[in-house]
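The file structure20.cif contains mmCIF, C-alpha atoms:
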```cif
data_target
loop_
_atom_site.label_atom_id
_atom_site.label_comp_id
_atom_site.auth_asym_id
_atom_site.auth_seq_id
_atom_site.Cartn_x
_atom_site.Cartn_y
_atom_site.Cartn_z
CA MET A 6 56.54 197.76 140.85
CA HIS A 7 55.02 194.89 138.87
CA CYS A 8 55.55 193.90 135.25
CA GLU A 9 52.83 196.06 133.73
CA ASP A 10 54.22 199.14 135.51
CA ALA A 11 57.73 198.20 134.46
CA THR A 12 56.74 197.98 130.79
CA ARG A 13 54.92 201.30 131.07
CA THR A 14 58.02 202.88 132.58
CA LEU A 15 60.27 201.33 129.92
CA SER A 16 57.97 202.72 127.25
CA ALA A 17 58.00 206.15 128.89
CA ALA A 18 61.80 205.99 128.90
CA GLN A 19 61.61 206.06 125.09
CA GLU A 20 59.93 209.47 125.34
CA ARG A 21 61.66 211.26 128.21
CA ASP A 22 64.30 210.91 130.91
CA LEU A 23 63.04 209.00 133.91
CA ASP A 24 63.28 210.62 137.31
CA LEU A 25 65.39 209.09 140.03
CA GLY A 26 62.51 207.33 141.75
CA GLU A 27 61.37 205.74 138.50
CA ARG A 28 64.88 204.60 137.67
CA VAL A 29 65.40 202.98 141.05
CA SER A 30 62.03 201.20 141.05
CA LEU A 31 62.60 200.01 137.51
CA GLN A 32 66.10 198.70 138.18
CA LEU A 33 64.88 196.85 141.27
CA HIS A 34 62.18 195.17 139.22
CA LEU A 35 64.42 194.37 136.26
CA ALA A 36 66.93 192.75 138.60
CA ILE A 37 64.42 190.04 139.39
CA CYS A 38 62.41 189.85 136.13
CA PRO A 39 64.02 188.38 132.99
CA PRO A 40 60.90 188.86 130.78
CA CYS A 41 60.84 192.59 131.55
CA ARG A 42 64.58 192.79 130.83
CA ASP A 43 63.87 191.20 127.44
CA PHE A 44 61.01 193.64 126.91
CA GLY A 45 63.35 196.57 127.53
CA ARG A 46 65.94 195.28 125.07
CA GLN A 47 63.23 194.66 122.51
CA LEU A 48 61.97 198.24 122.76
CA GLY A 49 65.45 199.42 121.87
CA PHE A 50 65.47 197.11 118.90
CA LEU A 51 61.99 198.28 117.83
CA ARG A 52 63.20 201.85 117.67
CA GLU A 53 66.24 200.85 115.68
CA ALA A 54 64.09 198.78 113.32
CA MET A 55 61.66 201.67 112.83
CA ARG A 56 64.51 204.03 111.97
CA THR A 57 65.84 201.52 109.47
CA TYR A 58 62.36 201.00 108.06
CA ALA A 59 61.76 204.73 107.73
CA ARG A 60 64.93 205.20 105.74
CA THR A 61 64.86 202.05 103.64
CA PRO A 62 61.24 201.05 103.62
CA ASP A 63 61.64 197.78 101.78
CA ASP A 64 64.96 196.31 100.81
CA SER A 65 63.41 193.52 98.86
CA GLY A 66 62.18 195.97 96.24
CA GLY A 67 59.13 193.80 95.88
CA VAL A 68 55.83 193.76 97.56
CA GLU A 69 53.36 190.93 97.46
CA ARG A 70 52.74 190.00 93.90
CA ASP A 71 49.03 189.48 94.37
CA ASP A 72 48.39 193.20 94.19
CA GLN A 73 49.34 193.78 90.61
CA SER A 74 45.81 194.56 89.58
CA GLU A 75 46.15 198.09 90.90
CA SER A 76 46.40 200.49 87.98
CA THR A 77 49.30 202.83 87.48
CA GLU A 78 46.95 205.70 86.79
CA MET B 3 54.16 221.92 89.31
CA SER B 4 54.96 220.48 85.91
CA THR B 5 53.19 217.50 84.42
CA VAL B 6 56.27 215.34 84.56
CA THR B 7 55.52 211.77 85.60
CA PRO B 8 57.84 209.37 87.35
CA GLU B 9 58.01 207.20 84.24
CA ALA B 10 59.24 210.10 82.17
CA SER B 11 62.60 210.35 83.85
CA GLY B 12 64.05 207.25 82.28
CA GLY B 13 66.53 205.12 84.10
CA ALA B 14 67.05 207.06 87.29
CA GLY B 15 66.48 204.95 90.37
CA GLY B 16 64.38 202.35 88.62
CA LEU B 17 61.65 204.79 87.69
CA ASP B 18 61.44 203.25 84.25
CA ASP B 19 59.98 200.14 85.83
CA PRO B 20 56.21 200.59 86.17
CA GLN B 21 55.97 197.78 88.74
CA PHE B 22 58.55 199.45 90.98
CA VAL B 23 56.81 202.79 90.72
CA THR B 24 53.39 201.27 91.34
CA ASP B 25 54.55 199.38 94.42
CA LEU B 26 56.38 202.36 95.82
CA ARG B 27 53.49 204.70 95.19
CA ARG B 28 51.05 202.35 96.87
CA ARG B 29 53.24 202.04 99.96
CA MET B 30 53.63 205.79 100.17
CA LEU B 31 49.94 206.41 99.73
CA ARG B 32 49.04 203.91 102.41
CA PHE B 33 51.42 205.54 104.82
CA ALA B 34 50.35 209.09 103.99
CA THR B 35 46.66 208.23 104.23
CA LEU B 36 47.16 206.65 107.63
CA GLN B 37 48.94 209.74 108.87
CA LEU B 38 46.81 212.46 107.36
CA SER B 39 43.39 210.76 107.54
CA ASP B 40 42.56 212.50 104.28
CA ALA B 41 42.85 210.81 100.92
CA ALA B 42 43.22 214.03 98.94
CA LEU B 43 45.92 215.47 101.18
CA ALA B 44 47.70 212.11 101.11
CA GLU B 45 47.57 212.03 97.33
CA ASP B 46 49.04 215.54 97.18
CA ALA B 47 51.82 214.70 99.62
CA VAL B 48 52.81 211.61 97.64
CA GLN B 49 52.70 213.53 94.37
CA GLU B 50 54.88 216.28 95.81
CA ALA B 51 57.32 213.74 97.20
CA PHE B 52 57.70 212.15 93.75
CA VAL B 53 58.17 215.52 92.10
CA GLY B 54 60.63 216.59 94.78
CA ALA B 55 62.58 213.39 94.38
CA LEU B 56 62.66 213.75 90.61
CA ARG B 57 64.62 216.97 90.96
CA GLY B 58 67.46 214.96 92.45
CA ALA B 59 66.84 211.75 90.55
CA GLY B 60 70.02 211.95 88.54
CA ASN B 61 72.07 211.57 91.69
CA PHE B 62 70.71 208.17 92.63
CA GLN B 63 72.42 204.91 92.18
CA GLY B 64 69.78 202.27 92.34
CA ARG B 65 66.39 201.69 93.80
CA ALA B 66 67.16 201.44 97.48
CA ALA B 67 68.73 204.89 97.49
CA TYR B 68 65.85 206.31 95.52
CA ARG B 69 63.26 204.73 97.78
CA SER B 70 64.96 206.08 100.89
CA TRP B 71 65.09 209.52 99.37
CA VAL B 72 61.50 209.66 98.24
CA PHE B 73 60.29 208.38 101.62
CA ALA B 74 62.41 210.95 103.41
CA ILE B 75 60.74 213.67 101.35
CA LEU B 76 57.33 212.20 102.06
CA ARG B 77 58.01 212.15 105.79
CA ASN B 78 58.92 215.82 105.66
CA LYS B 79 55.79 216.65 103.65
CA ILE B 80 53.65 214.86 106.19
CA ALA B 81 55.36 216.55 109.12
CA ASP B 82 54.82 219.94 107.41
CA GLN B 83 51.20 219.12 106.73
CA LEU B 84 50.59 218.09 110.33
CA ARG B 85 52.24 221.25 111.60
CA ALA B 86 50.08 223.28 109.22
CA GLN B 87 46.97 221.54 110.50
CA LEU B 88 48.12 222.50 113.94
CA ARG B 89 48.54 226.14 112.93
CA TYR B 90 45.26 226.45 111.04
CA SER B 91 43.73 224.36 113.73
CA SER B 92 40.92 222.17 112.62
CA LEU B 93 41.86 220.12 115.64
CA PRO B 94 39.76 217.13 116.51
CA ALA B 95 38.59 216.95 120.11
CA PRO B 96 41.10 215.12 122.29
CA GLU B 97 40.44 211.46 122.01
CA ALA B 98 40.76 209.01 124.85
CA PRO B 99 42.51 205.79 123.85
CA GLU B 100 40.09 203.13 122.73
CA PRO B 101 40.00 200.12 125.04
CA ASP B 102 42.53 197.57 123.88
CA PRO B 103 41.74 194.13 125.29
CA VAL B 104 44.62 192.53 123.38
CA ALA B 105 47.26 194.63 125.11
CA GLU B 106 45.44 194.66 128.44
CA ASN B 107 45.13 190.89 128.49
CA MET B 108 48.88 190.45 128.30
CA PHE B 109 48.92 190.97 132.07
CA GLU B 110 47.25 189.17 134.94
CA SER B 111 45.11 191.19 137.29
CA ASP B 112 48.09 191.39 139.67
CA GLY B 113 50.16 193.08 136.94
CA HIS B 114 52.38 190.13 136.07
CA TRP B 115 52.82 188.87 132.53
CA THR B 116 50.48 186.08 131.55
CA GLU B 117 52.29 182.89 130.66
CA ASP B 118 51.58 183.32 126.94
CA ALA B 119 52.50 186.99 126.75
CA ALA B 120 55.76 187.02 128.72
CA PRO B 121 58.58 188.07 126.38
CA ALA B 122 61.23 185.54 125.46
CA SER B 123 64.79 186.38 124.61
CA TRP B 124 65.40 187.32 120.97
CA GLY B 125 69.15 186.81 121.22
CA ASP B 126 70.81 189.30 118.92
CA PRO B 127 67.98 190.35 116.60
CA HIS B 128 70.07 192.55 114.30
CA ALA B 129 70.57 190.00 111.54
CA ALA B 130 66.85 190.36 110.82
CA LEU B 131 67.41 193.93 109.64
CA GLN B 132 69.19 192.53 106.59
CA ASP B 133 66.43 190.08 105.74
CA SER B 134 63.72 191.14 103.29
CA GLN B 135 61.36 188.50 104.69
CA PHE B 136 61.66 190.12 108.10
CA TRP B 137 60.55 193.47 106.70
CA ARG B 138 57.43 191.87 105.30
CA VAL B 139 56.60 190.50 108.73
CA PHE B 140 57.45 193.83 110.32
CA GLU B 141 55.14 195.68 107.99
CA ALA B 142 52.34 193.18 108.52
CA CYS B 143 52.71 193.65 112.29
CA LEU B 144 52.52 197.44 111.87
CA ASP B 145 49.41 196.99 109.76
CA HIS B 146 47.77 195.07 112.58
CA LEU B 147 48.00 197.91 115.07
CA PRO B 148 44.58 199.50 115.67
CA GLY B 149 44.07 202.79 113.83
CA GLN B 150 44.74 205.37 116.52
CA GLN B 151 47.67 203.44 117.98
CA ALA B 152 49.12 203.02 114.50
CA ARG B 153 48.85 206.73 113.73
CA LEU B 154 50.47 207.82 116.97
CA PHE B 155 53.17 205.18 116.87
CA MET B 156 54.08 206.05 113.28
CA LEU B 157 54.15 209.76 114.08
CA ARG B 158 56.56 209.04 116.89
CA GLU B 159 58.78 206.41 115.36
CA PHE B 160 58.51 206.95 111.61
CA VAL B 161 57.93 210.67 111.17
CA GLU B 162 59.97 211.19 114.36
CA LEU B 163 57.92 214.01 115.76
CA ASP B 164 58.48 214.58 119.46
CA SER B 165 55.73 213.97 122.02
CA HIS B 166 54.81 217.63 122.25
CA GLU B 167 54.30 217.97 118.50
CA ILE B 168 52.25 214.80 118.36
CA CYS B 169 49.97 215.85 121.18
CA SER B 170 49.29 219.17 119.48
CA ALA B 171 48.89 217.77 115.97
CA ALA B 172 46.81 214.76 116.93
CA GLY B 173 44.83 216.39 119.71
CA VAL B 174 45.73 213.90 122.41
CA THR B 175 47.00 214.44 125.92
CA THR B 176 50.49 213.34 126.91
CA SER B 177 49.10 210.64 129.12
CA ASN B 178 46.86 209.28 126.35
CA LEU B 179 49.77 209.35 123.96
CA ASN B 180 51.83 207.35 126.42
CA VAL B 181 49.07 204.80 126.85
CA SER B 182 48.78 204.35 123.09
CA LEU B 183 52.53 204.10 122.53
CA HIS B 184 52.86 201.59 125.35
CA ARG B 185 50.14 199.41 123.87
CA ALA B 186 51.51 199.72 120.35
CA ARG B 187 54.93 198.59 121.57
CA LEU B 188 53.41 195.68 123.50
CA ARG B 189 51.54 194.58 120.40
CA LEU B 190 54.38 195.06 117.98
CA ARG B 191 56.93 193.12 119.99
CA SER B 192 54.40 190.38 120.63
CA CYS B 193 53.62 190.14 116.90
CA LEU B 194 57.32 190.02 115.99
CA GLU B 195 57.97 187.32 118.55
CA GLN B 196 55.04 185.29 117.33
CA HIS B 197 55.97 185.54 113.67
CA TRP B 198 59.72 185.93 113.62
CA PHE B 199 61.81 185.81 116.78
CA GLY B 200 60.02 183.29 118.95
CA PRO B 201 60.81 179.58 119.19
CA ASP B 202 57.57 178.77 117.33
CA ALA B 203 57.70 181.67 114.89
CA ASP B 204 55.73 180.86 111.79
CA ALA B 205 57.10 183.23 109.16
CA ARG B 206 60.83 182.78 109.37
CA PRO B 207 62.12 180.72 106.46
CA SER B 208 63.35 177.34 107.60
CA GLY B 209 67.11 177.09 107.54
CA SER B 210 67.81 180.67 108.50
CA ALA B 211 66.20 180.25 111.89
CA GLU B 212 69.19 179.49 114.04
CA ALA B 213 71.87 180.40 111.55
CA GLY B 214 74.94 181.90 113.07
CA LYS B 215 73.99 181.24 116.66
#
```
What's the C-alpha coordinates form of this structure?
Amino acid sequence: MHCEDATRTLSAAQERDLDLGERVSLQLHLAICPPCRDFGRQLGFLREAMRTYARTPDDSGGVERDDQSESTE
Amino acid sequence: MSTVTPEASGGAGGLDDPQFVTDLRRRMLRFATLQLSDAALAEDAVQEAFVGALRGAGNFQGRAAYRSWVFAILRNKIADQLRAQLRYSSLPAPEAPEPDPVAENMFESDGHWTEDAAPASWGDPHAALQDSQFWRVFEACLDHLPGQQARLFMLREFVELDSHEICSAAGVTTSNLNVSLHRARLRLRSCLEQHWFGPDADARPSGSAEAGK
(Lines of atoms letter the chains of each structure in order from A and count residues from 1; the text may use other names and numbers.)
(Lines give C-alpha, C1' and ligand atoms only; values in the text may rest on other atoms or scores of the structure.)
Protein backbone atom coordinates (compact mmCIF):
# COMPACT_ATOMS: atom_id res chain seq x y z
CA MET A 1 0.00 0.00 0.00
CA HIS A 2 1.25 3.49 -0.83
CA CYS A 3 0.12 6.86 0.51
CA GLU A 4 -2.64 7.51 -2.01
CA ASP A 5 -4.17 4.09 -1.28
CA ALA A 6 -3.81 4.69 2.43
CA THR A 7 -5.69 8.00 2.24
CA ARG A 8 -8.38 6.37 0.13
CA THR A 9 -8.74 3.61 2.71
CA LEU A 10 -8.80 6.12 5.58
CA SER A 11 -11.52 8.04 3.77
CA ALA A 12 -13.49 4.84 3.18
CA ALA A 13 -13.19 4.09 6.89
CA GLN A 14 -15.34 7.18 7.49
CA GLU A 15 -18.13 5.50 5.51
CA ARG A 16 -17.98 1.83 6.45
CA ASP A 17 -16.10 -0.75 8.50
CA LEU A 18 -12.91 -1.88 6.82
CA ASP A 19 -12.40 -5.56 6.21
CA LEU A 20 -9.55 -7.40 7.85
CA GLY A 21 -7.25 -7.22 4.83
CA GLU A 22 -7.76 -3.47 4.52
CA ARG A 23 -7.10 -2.94 8.21
CA VAL A 24 -3.87 -4.92 8.15
CA SER A 25 -2.53 -3.22 5.02
CA LEU A 26 -3.45 0.17 6.40
CA GLN A 27 -1.84 -0.43 9.78
CA LEU A 28 1.35 -1.67 8.12
CA HIS A 29 1.51 1.49 6.05
CA LEU A 30 0.67 3.84 8.91
CA ALA A 31 3.41 2.28 11.01
CA ILE A 32 5.99 3.65 8.63
CA CYS A 33 4.28 6.83 7.36
CA PRO A 34 3.86 9.83 9.69
CA PRO A 35 2.12 12.04 7.07
CA CYS A 36 -0.58 9.41 6.54
CA ARG A 37 -0.99 9.07 10.32
CA ASP A 38 -1.53 12.84 10.45
CA PHE A 39 -3.99 12.57 7.57
CA GLY A 40 -6.00 9.97 9.48
CA ARG A 41 -6.15 12.10 12.62
CA GLN A 42 -7.16 15.11 10.55
CA LEU A 43 -10.06 13.23 8.97
CA GLY A 44 -11.39 12.56 12.44
CA PHE A 45 -11.08 16.22 13.27
CA LEU A 46 -12.79 17.21 10.00
CA ARG A 47 -15.81 15.14 10.91
CA GLU A 48 -15.94 16.63 14.37
CA ALA A 49 -15.59 20.14 12.94
CA MET A 50 -18.38 19.50 10.42
CA ARG A 51 -20.69 18.31 13.18
CA THR A 52 -19.91 21.40 15.20
CA TYR A 53 -20.40 23.58 12.14
CA ALA A 54 -23.72 21.97 11.31
CA ARG A 55 -25.06 22.63 14.77
CA THR A 56 -23.58 26.05 15.40
CA PRO A 57 -22.91 27.40 11.95
CA ASP A 58 -21.17 30.59 13.00
CA ASP A 59 -20.32 31.44 16.56
CA SER A 60 -19.13 34.88 15.69
CA GLY A 61 -22.66 35.95 14.82
CA GLY A 62 -21.17 38.08 12.11
CA VAL A 63 -20.36 37.46 8.54
CA GLU A 64 -18.16 39.61 6.40
CA ARG A 65 -19.36 43.13 6.60
CA ASP A 66 -18.82 43.84 2.93
CA ASP A 67 -22.06 42.11 2.03
CA GLN A 68 -24.46 44.49 3.64
CA SER A 69 -25.83 45.68 0.35
CA GLU A 70 -28.05 42.62 0.11
CA SER A 71 -31.63 43.63 0.75
CA THR A 72 -33.74 42.14 3.48
CA GLU A 73 -36.62 41.65 1.09
CA MET B 1 -48.49 29.25 6.24
CA SER B 2 -49.11 32.61 7.84
CA THR B 3 -47.51 35.82 6.68
CA VAL B 4 -45.50 36.21 9.82
CA THR B 5 -41.97 37.47 9.18
CA PRO B 6 -38.91 36.84 11.29
CA GLU B 7 -38.79 40.51 12.28
CA ALA B 8 -42.30 40.34 13.66
CA SER B 9 -41.44 38.12 16.57
CA GLY B 10 -39.65 40.75 18.57
CA GLY B 11 -36.76 39.89 20.79
CA ALA B 12 -36.61 36.13 20.48
CA GLY B 13 -33.19 34.90 19.47
CA GLY B 14 -32.06 38.19 17.99
CA LEU B 15 -34.73 38.22 15.32
CA ASP B 16 -35.34 41.89 15.95
CA ASP B 17 -31.93 42.62 14.47
CA PRO B 18 -32.28 42.92 10.68
CA GLN B 19 -28.54 42.40 10.15
CA PHE B 20 -28.60 39.12 12.07
CA VAL B 21 -31.61 37.90 10.14
CA THR B 22 -30.15 38.97 6.81
CA ASP B 23 -26.84 37.24 7.47
CA LEU B 24 -28.48 34.09 8.71
CA ARG B 25 -30.91 33.95 5.83
CA ARG B 26 -28.13 34.40 3.30
CA ARG B 27 -26.09 31.58 4.83
CA MET B 28 -29.09 29.29 4.85
CA LEU B 29 -30.01 30.12 1.29
CA ARG B 30 -26.49 29.50 0.07
CA PHE B 31 -26.44 26.14 1.76
CA ALA B 32 -29.90 25.12 0.59
CA THR B 33 -29.21 26.19 -2.99
CA LEU B 34 -26.01 24.19 -3.06
CA GLN B 35 -27.84 21.12 -1.85
CA LEU B 36 -31.03 21.33 -3.84
CA SER B 37 -29.66 22.85 -7.07
CA ASP B 38 -32.93 24.73 -7.36
CA ALA B 39 -33.34 28.32 -6.24
CA ALA B 40 -37.10 28.10 -5.74
CA LEU B 41 -36.96 24.91 -3.69
CA ALA B 42 -34.12 26.39 -1.66
CA GLU B 43 -36.12 29.54 -1.00
CA ASP B 44 -39.08 27.44 0.17
CA ALA B 45 -36.92 25.31 2.45
CA VAL B 46 -35.37 28.37 4.08
CA GLN B 47 -38.77 30.01 4.49
CA GLU B 48 -40.19 26.88 6.08
CA ALA B 49 -37.20 26.59 8.39
CA PHE B 50 -37.74 30.17 9.60
CA VAL B 51 -41.44 29.59 10.12
CA GLY B 52 -40.77 26.29 11.87
CA ALA B 53 -38.22 27.93 14.13
CA LEU B 54 -40.59 30.77 14.95
CA ARG B 55 -43.00 28.32 16.52
CA GLY B 56 -40.38 27.58 19.15
CA ALA B 57 -38.76 30.99 19.20
CA GLY B 58 -39.89 31.83 22.70
CA ASN B 59 -37.76 29.02 24.09
CA PHE B 60 -34.46 30.40 22.85
CA GLN B 61 -31.91 32.16 24.89
CA GLY B 62 -29.73 34.03 22.50
CA ARG B 63 -28.60 33.91 18.94
CA ALA B 64 -26.34 30.89 18.96
CA ALA B 65 -29.15 28.67 20.20
CA TYR B 66 -31.54 30.13 17.67
CA ARG B 67 -29.09 29.71 14.82
CA SER B 68 -28.45 26.08 15.72
CA TRP B 69 -32.15 25.43 15.88
CA VAL B 70 -33.04 27.05 12.59
CA PHE B 71 -30.18 25.26 10.83
CA ALA B 72 -31.26 21.95 12.31
CA ILE B 73 -34.72 22.51 10.87
CA LEU B 74 -33.26 23.48 7.53
CA ARG B 75 -31.14 20.33 7.43
CA ASN B 76 -34.24 18.25 8.03
CA LYS B 77 -36.17 20.11 5.33
CA ILE B 78 -33.38 19.49 2.86
CA ALA B 79 -33.11 15.82 3.79
CA ASP B 80 -36.91 15.49 3.33
CA GLN B 81 -36.75 17.27 0.01
CA LEU B 82 -33.95 15.05 -1.24
CA ARG B 83 -35.82 11.94 -0.16
CA ALA B 84 -38.92 13.24 -1.95
CA GLN B 85 -36.90 13.82 -5.09
CA LEU B 86 -35.77 10.25 -4.76
CA ARG B 87 -39.35 9.02 -4.45
CA TYR B 88 -40.78 11.09 -7.29
CA SER B 89 -37.62 10.38 -9.15
CA SER B 90 -36.52 13.08 -11.48
CA LEU B 91 -33.12 11.54 -11.02
CA PRO B 92 -30.24 12.91 -12.98
CA ALA B 93 -28.17 10.34 -14.85
CA PRO B 94 -25.33 9.01 -12.71
CA GLU B 95 -22.45 11.37 -12.98
CA ALA B 96 -18.84 10.32 -13.04
CA PRO B 97 -16.62 12.50 -10.86
CA GLU B 98 -15.11 15.38 -12.77
CA PRO B 99 -11.34 15.15 -13.08
CA ASP B 100 -9.73 16.93 -10.15
CA PRO B 101 -6.11 17.82 -10.93
CA VAL B 102 -5.70 19.61 -7.59
CA ALA B 103 -6.39 16.49 -5.55
CA GLU B 104 -4.68 14.16 -8.01
CA ASN B 105 -1.51 16.24 -8.01
CA MET B 106 -1.08 15.81 -4.28
CA PHE B 107 0.55 12.47 -5.05
CA GLU B 108 3.55 11.48 -7.12
CA SER B 109 3.05 8.94 -9.86
CA ASP B 110 4.31 6.25 -7.46
CA GLY B 111 1.50 7.10 -5.02
CA HIS B 112 3.58 8.92 -2.43
CA TRP B 113 2.72 12.38 -1.17
CA THR B 114 4.41 15.20 -3.01
CA GLU B 115 6.67 17.26 -0.80
CA ASP B 116 4.25 20.20 -0.76
CA ALA B 117 1.12 18.16 -0.14
CA ALA B 118 2.31 15.83 2.64
CA PRO B 119 0.27 16.55 5.77
CA ALA B 120 2.00 18.09 8.76
CA SER B 121 0.99 17.55 12.34
CA TRP B 122 -1.76 19.86 13.61
CA GLY B 123 -1.04 19.12 17.25
CA ASP B 124 -4.31 19.27 19.13
CA PRO B 125 -6.58 21.20 16.76
CA HIS B 126 -9.58 21.42 19.09
CA ALA B 127 -8.94 24.93 20.36
CA ALA B 128 -9.79 26.14 16.85
CA LEU B 129 -13.40 25.03 17.34
CA GLN B 130 -13.82 27.88 19.82
CA ASP B 131 -12.36 30.50 17.51
CA SER B 132 -14.70 32.50 15.28
CA GLN B 133 -11.82 33.31 12.91
CA PHE B 134 -11.31 29.60 12.37
CA TRP B 135 -14.92 29.17 11.29
CA ARG B 136 -14.48 31.85 8.67
CA VAL B 137 -11.49 29.99 7.28
CA PHE B 138 -13.37 26.71 7.49
CA GLU B 139 -16.30 28.10 5.56
CA ALA B 140 -14.04 29.64 2.94
CA CYS B 141 -12.36 26.24 2.48
CA LEU B 142 -15.76 24.57 2.06
CA ASP B 143 -16.67 27.21 -0.50
CA HIS B 144 -13.59 26.31 -2.51
CA LEU B 145 -14.59 22.70 -3.04
CA PRO B 146 -15.74 22.10 -6.63
CA GLY B 147 -19.52 21.92 -7.03
CA GLN B 148 -20.18 18.19 -7.15
CA GLN B 149 -17.64 17.42 -4.42
CA ALA B 150 -19.13 20.15 -2.26
CA ARG B 151 -22.66 18.82 -2.67
CA LEU B 152 -21.73 15.25 -1.86
CA PHE B 153 -19.47 16.17 1.01
CA MET B 154 -22.12 18.41 2.57
CA LEU B 155 -24.78 15.74 2.17
CA ARG B 156 -22.54 13.32 3.99
CA GLU B 157 -21.08 15.51 6.70
CA PHE B 158 -23.59 18.31 7.16
CA VAL B 159 -26.97 16.78 6.37
CA GLU B 160 -25.57 13.47 7.66
CA LEU B 161 -27.25 11.25 5.14
CA ASP B 162 -25.68 7.82 4.87
CA SER B 163 -23.89 6.67 1.72
CA HIS B 164 -26.86 4.70 0.46
CA GLU B 165 -29.22 7.67 0.71
CA ILE B 166 -26.73 9.95 -0.99
CA CYS B 167 -26.17 7.59 -3.89
CA SER B 168 -29.90 7.32 -4.48
CA ALA B 169 -30.67 11.01 -4.03
CA ALA B 170 -27.72 12.32 -6.00
CA GLY B 171 -27.65 9.60 -8.64
CA VAL B 172 -24.05 8.57 -8.11
CA THR B 173 -22.53 5.15 -7.63
CA THR B 174 -20.91 4.19 -4.35
CA SER B 175 -17.51 4.16 -5.93
CA ASN B 176 -17.98 7.63 -7.43
CA LEU B 177 -19.22 8.90 -4.11
CA ASN B 178 -16.11 7.54 -2.43
CA VAL B 179 -13.87 9.18 -5.00
CA SER B 180 -15.57 12.53 -4.47
CA LEU B 181 -15.50 12.30 -0.67
CA HIS B 182 -11.84 11.30 -0.72
CA ARG B 183 -10.94 14.28 -2.89
CA ALA B 184 -13.07 16.67 -0.86
CA ARG B 185 -11.31 15.54 2.32
CA LEU B 186 -7.89 15.89 0.69
CA ARG B 187 -8.74 19.41 -0.41
CA LEU B 188 -10.34 20.50 2.82
CA ARG B 189 -7.51 19.36 5.06
CA SER B 190 -4.98 20.88 2.69
CA CYS B 191 -6.85 24.20 2.72
CA LEU B 192 -7.09 24.20 6.52
CA GLU B 193 -3.40 23.44 6.85
CA GLN B 194 -2.51 26.17 4.42
CA HIS B 195 -4.68 28.81 6.06
CA TRP B 196 -4.86 27.82 9.69
CA PHE B 197 -2.95 24.86 11.10
CA GLY B 198 0.27 24.86 9.12
CA PRO B 199 3.54 26.51 10.15
CA ASP B 200 3.06 29.15 7.44
CA ALA B 201 -0.70 29.54 7.83
CA ASP B 202 -1.80 32.92 6.61
CA ALA B 203 -5.16 33.47 8.28
CA ARG B 204 -4.51 32.73 11.91
CA PRO B 205 -4.33 35.93 13.95
CA SER B 206 -0.82 36.57 15.19
CA GLY B 207 -0.48 35.93 18.89
CA SER B 208 -2.92 33.06 19.08
CA ALA B 209 -0.78 30.89 16.84
CA GLU B 210 1.16 28.90 19.38
CA ALA B 211 -0.85 29.85 22.43
CA GLY B 212 -1.14 27.13 24.98
CA LYS B 213 1.33 24.78 23.38
Checklist line | Contact set, chain B to chain A: 6 Å, all atoms listed in the file, as a count of residues only | finding: 10
Item checked: Straight-line distance linking atom CA of Ser39 of chain B with atom CA of Cys143 of chain B, stated in Å to one decimal ->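 Those two atoms sit 20.1 Å apart.
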Next item on the list: Kindly give the distance, in Å, that separates atom CA of Met156 of chain B and atom CA of Leu183 of chain B, rounded to a single decimal.
Entry: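 Separation between atom CA of Met156 of chain B and atom CA of Leu183 of chain B: 9.6 Å.
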Next item on the list: Please return, as a list in words, all polymer residues that have at least one atom within 9 Å of the point (54.9, 202.3, 118.2); use all atoms listed in the file and the file's own coordinate frame.
Entry: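 Residues close enough to count: Leu51, Arg52 and Met55 of chain A; Leu144, Leu147, Gln151, Ala152, Arg153, Leu154, Phe155, Met156, Leu157, Arg158, Glu159, Phe160, Ser182, Leu183, His184, Arg185, Ala186, Arg187, Leu188, Arg189 and Leu190 of chain B.
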Check: atom CA of Gly54 of chain B and atom CA of Ile75 of chain B are how many Å apart?
Finding: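 Computed distance, atom CA of Gly54 of chain B to atom CA of Ile75 of chain B, equals 7.2 Å.
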Check: Can you tell me, as a list of chain:residue names, what residues are no more than 9 Å from Glu50 of chain B when counting only C-alpha atoms, ignoring any on the same chain fewer than 4 positions away?
Finding: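 That gives B:Met3, B:Glu45, B:Asp46, B:Gly54, B:Ala55, B:Ile75, B:Leu76, B:Lys79.
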